[in-house]
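Asks: Handing you a structure now.
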Amino acid sequence: MGMDEKKAKELLEQLLKEKVGKKEKVGLVNLKERYLRERGRLSPATVHNYNWMFGRLMEKRKYWFDDASEVNEFIAGLGNVGDESVRALFGYIRAIGRYTKRVYGWEDPTENADRPGVEHKTRRYFKDDELRAIVGACKGIEERVLITVLLDSTSRIKGVAGLKVEDLGKDGFKAREKTGERWYRCDPRLIEMMRKMAVDSVVFPKKDDSRNVVYPVVCVKPNDLAGKVRRILKRAGLKGDKLGPHTLRHTGASIVAKSTRSALAVKALLQHDNINTSMRYIHDAEEDIQREISPMELAGVNVLKQGILEMKDSNVLALPENTSMGDDVLINQMLPDIPEDVRIRPALNNEDLKLIRDSFIKTLVMRGEKFSGCKEVKLLRRIMRNV
């Protein structure tokens, strides 16, 4: 009898070890129903996105992920799915992983998974003439205020759509966005105009098809306000992709990046949480910044007044004899040399271009003007770029 009890005990211990060591597979169908039921009230859009995510999972799997390697393998095998969709898919998977870990104590397979990288597409920035066309295409004061507020504050459309008078400060406003409340600086004159055009404390009220305010007054929906912006842009004659309110935000950030050359200024303006996001605008403005910056000027060295460069003859600016620098070290950086085979047909040939360059040099010397940033330098560079 004792032997039977001993064998039974060993058998139970063995079964217990097998049960503990074995990780139970979680079916995706059951997990989907359980997760959506337990999460409580979710918006229809969120439920739709989770259904889409589970649908993509069930195309390739029957069970929830065991570890990070399976998550990485799934993401890598998505095939013809855009970068933004891949990132969204990973975000929903990660949300489920965190939830099941917190509620059920399961291991989160996304914790050590590789976050998918996203290739950021080239942004579109409105040029000066395009901005003038946009403002000119506005019908009425409300559209003008909407466009200028989006450009000057760089707020997202959702924040502007929900504005009320109590959100307006002296030189800015409080916007409620998906990332929380943000404070955006805005021209005080625009703030005052928004106060005056508000209806029952709502800055941009909902309107019917006849453009009459709908009572009781409520804020316009962000999508409807964004649609109004797109109609203004098309009315201005703009074509191509990325015609929307967010392009005005990008344009405002680009102007600040070029003017201040500071990622901190861009970060403060756009209310970014991460300065790396702000740095993208600095990278986009690098070419313009590079053309405008002269280390010699920043160091306080005035090329002309301090006699670093002198006129040796009527055509060439050369260095004084007591310097060891070559004749063209500084000049070629400021005014590009004209290659022998360069022509601008039919009006300008190579000799004409060289005469223009030499005339610019003489003019600058006589005026005692700094080289970088002057009109002559910009014009010659623009001519050479268009060759």
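Ordering of the structure tokens sets the chain letters (A, B, ...), residue numbers begin anew at 1 in every chain, and ligands are numbered from 1 in the order given.
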If you run DSSP on this backbone, which residues of stretch 63-231 of chain A come out as helix (DSSP H, G or I), and could you give them as a PyMOL selection string?
Replies: chain A and resi 68-76+83-104+128-136+140-153+157-161+165-167+188-197+222-231
Asks: Near stretch 239-252 of chain A, within 6 Å and counting only C-alpha atoms, which residues show up once chain neighbours fewer than 2 positions away are dropped, as a list in words?
Replies: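 In the requested format, the answer is Tyr125, Phe126, Leu151, Thr154, Arg230, Ser254 and Ile255 of chain A.
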Asks: What does the distance from atom CA of A:Arg156 to atom CA of A:Ile191 come to in Å, to one decimal?
Replies: 16.4 Å
Asks: Using only C-alpha atoms, which residue out of A:Leu57, A:Val203, A:Val145, A:Ile361 lies closest to A:Cys186?
Replies: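 Of A:Leu57, A:Val203, A:Val145, A:Ile361, the one nearest A:Cys186, counting only C-alpha atoms, is A:Val145.
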Asks: With a distance cut-off of 12 Å and only C-alpha atoms, select the neighbouring residues of A:Lys228, excluding the residue or stretch itself and same-chain residues fewer than 3 positions from it, and output the selection as a VMD selection string.
Replies: chain A and resid 137 to 139 142 to 144 146 to 147 157 161 204 206 to 207 211 220 to 225 231 to 235 243 to 245
Asks: Between atom CA of A:Ala253 and atom CA of A:Val160, what distance in Å does the model show, to one decimal?
Replies: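 Atom-to-atom, atom CA of A:Ala253 and atom CA of A:Val160 are spaced 16.9 Å apart.
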Asks: Taking only C-alpha atoms into account, name the residue in A:Arg189, A:Arg124, A:Lys196, A:Lys354 that is nearest to A:Thr148.
Replies: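 Checking each of A:Arg189, A:Arg124, A:Lys196, A:Lys354 against A:Thr148, counting only C-alpha atoms, the winner is A:Arg189.
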Asks: Stretch 280-290 of chain A: which residues within 9 Å, counting only C-alpha atoms, same-chain residues fewer than 4 positions away excluded, as a PDB file with N, CA and C atoms, in the first residue's frame?
Replies:
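The new file result17.pdb reads:
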ATOM      1  N   THR A 122       8.268  62.978 -47.636  1.00  0.00           N
ATOM      2  CA  THR A 122       8.623  64.380 -47.750  1.00  0.00           C
ATOM      3  C   THR A 122       7.411  65.257 -47.463  1.00  0.00           C
ATOM      4  N   ARG A 123       7.610  66.239 -46.613  1.00  0.00           N
ATOM      5  CA  ARG A 123       6.513  67.140 -46.293  1.00  0.00           C
ATOM      6  C   ARG A 123       6.325  68.171 -47.405  1.00  0.00           C
ATOM      7  N   HIS A 250       2.752  72.441 -40.939  1.00  0.00           N
ATOM      8  CA  HIS A 250       4.112  72.180 -41.409  1.00  0.00           C
ATOM      9  C   HIS A 250       4.771  73.453 -41.937  1.00  0.00           C
ATOM     10  N   ALA A 253       5.912  75.727 -39.141  1.00  0.00           N
ATOM     11  CA  ALA A 253       7.109  75.170 -38.499  1.00  0.00           C
ATOM     12  C   ALA A 253       8.333  75.361 -39.376  1.00  0.00           C
ATOM     13  N   SER A 254       8.158  75.235 -40.692  1.00  0.00           N
ATOM     14  CA  SER A 254       9.281  75.409 -41.616  1.00  0.00           C
ATOM     15  C   SER A 254       9.790  76.855 -41.593  1.00  0.00           C
ATOM     16  N   ILE A 255       8.859  77.807 -41.536  1.00  0.00           N
ATOM     17  CA  ILE A 255       9.262  79.218 -41.487  1.00  0.00           C
ATOM     18  C   ILE A 255      10.079  79.497 -40.231  1.00  0.00           C
ATOM     19  N   ALA A 257      11.770  77.256 -38.457  1.00  0.00           N
ATOM     20  CA  ALA A 257      13.028  76.511 -38.538  1.00  0.00           C
ATOM     21  C   ALA A 257      14.065  77.271 -39.359  1.00  0.00           C
ATOM     22  N   LYS A 258      13.634  77.853 -40.477  1.00  0.00           N
ATOM     23  CA  LYS A 258      14.568  78.594 -41.334  1.00  0.00           C
ATOM     24  C   LYS A 258      15.009  79.900 -40.682  1.00  0.00           C
ATOM     25  N   SER A 259      14.098  80.541 -39.958  1.00  0.00           N
ATOM     26  CA  SER A 259      14.405  81.845 -39.370  1.00  0.00           C
ATOM     27  C   SER A 259      15.238  81.723 -38.103  1.00  0.00           C
ATOM     28  N   ARG A 261      16.613  78.670 -36.868  1.00  0.00           N
ATOM     29  CA  ARG A 261      17.601  77.573 -36.944  1.00  0.00           C
ATOM     30  C   ARG A 261      17.682  76.819 -35.623  1.00  0.00           C
ATOM     31  N   SER A 262      16.556  76.765 -34.915  1.00  0.00           N
ATOM     32  CA  SER A 262      16.545  76.168 -33.585  1.00  0.00           C
ATOM     33  C   SER A 262      15.462  75.098 -33.484  1.00  0.00           C
ATOM     34  N   ALA A 263      15.861  73.881 -33.142  1.00  0.00           N
ATOM     35  CA  ALA A 263      14.890  72.814 -32.924  1.00  0.00           C
ATOM     36  C   ALA A 263      14.060  73.091 -31.677  1.00  0.00           C
ATOM     37  N   VAL A 266      11.163  75.275 -32.662  1.00  0.00           N
ATOM     38  CA  VAL A 266      10.150  74.485 -33.364  1.00  0.00           C
ATOM     39  C   VAL A 266       9.373  73.629 -32.379  1.00  0.00           C
ATOM     40  N   ASN A 276      13.171  65.087 -31.184  1.00  0.00           N
ATOM     41  CA  ASN A 276      13.559  64.427 -32.435  1.00  0.00           C
ATOM     42  C   ASN A 276      12.522  64.695 -33.529  1.00  0.00           C
ATOM     43  N   SER A 294      27.643  82.097 -42.422  1.00  0.00           N
ATOM     44  CA  SER A 294      29.068  82.281 -42.692  1.00  0.00           C
ATOM     45  C   SER A 294      29.810  82.244 -41.358  1.00  0.00           C
TER      46      SER A 294
END
Asks: Skipping near chain neighbours, those fewer than 6 positions away, what residues fall within 10 Å of A:Trp106 using only C-alpha atoms, listed as a list of chain:residue names?
Replies: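 With the cut-off at 10 Å, the set is A:Asp66, A:Gly97, A:Arg98, A:Tyr99, A:Thr100.
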Asks: I'd like the interatomic distance between atom CA of A:His48 and atom CA of A:Leu36, to a tenth of an Å.
Replies: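 Pair atom CA of A:His48 / atom CA of A:Leu36 returns 10.8 Å.
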Asks: With only C-alpha atoms as the atoms that count, which of A:Glu351, A:Glu130, A:Glu59, A:Glu376 lies nearest to A:Ala236?
Replies: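 The closest residue to A:Ala236 is A:Glu130.
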Asks: Residues at most 12 Å from A:Asn112, counting only C-alpha atoms, excluding those fewer than 4 positions away in the same chain, as an mmCIF file with C-alpha atoms, in the first residue's frame?
Replies:
data_model
loop_
_atom_site.group_PDB
_atom_site.id
_atom_site.type_symbol
_atom_site.label_atom_id
_atom_site.label_comp_id
_atom_site.auth_asym_id
_atom_site.auth_seq_id
_atom_site.Cartn_x
_atom_site.Cartn_y
_atom_site.Cartn_z
ATOM 1 C CA ASP A 66 4.116 33.398 -27.182
ATOM 2 C CA ASP A 67 7.114 35.731 -27.337
ATOM 3 C CA ALA A 68 8.685 38.738 -29.065
ATOM 4 C CA SER A 69 10.209 36.676 -31.869
ATOM 5 C CA GLU A 70 6.741 35.666 -33.061
ATOM 6 C CA VAL A 71 5.626 39.312 -33.049
ATOM 7 C CA ASN A 72 8.696 40.326 -35.078
ATOM 8 C CA ARG A 94 1.007 46.193 -28.034
ATOM 9 C CA GLY A 97 -0.141 42.750 -24.703
ATOM 10 C CA ARG A 98 -0.009 45.395 -21.986
ATOM 11 C CA GLU A 107 3.784 37.686 -20.289
ATOM 12 C CA ASP A 108 3.693 40.630 -22.715
#
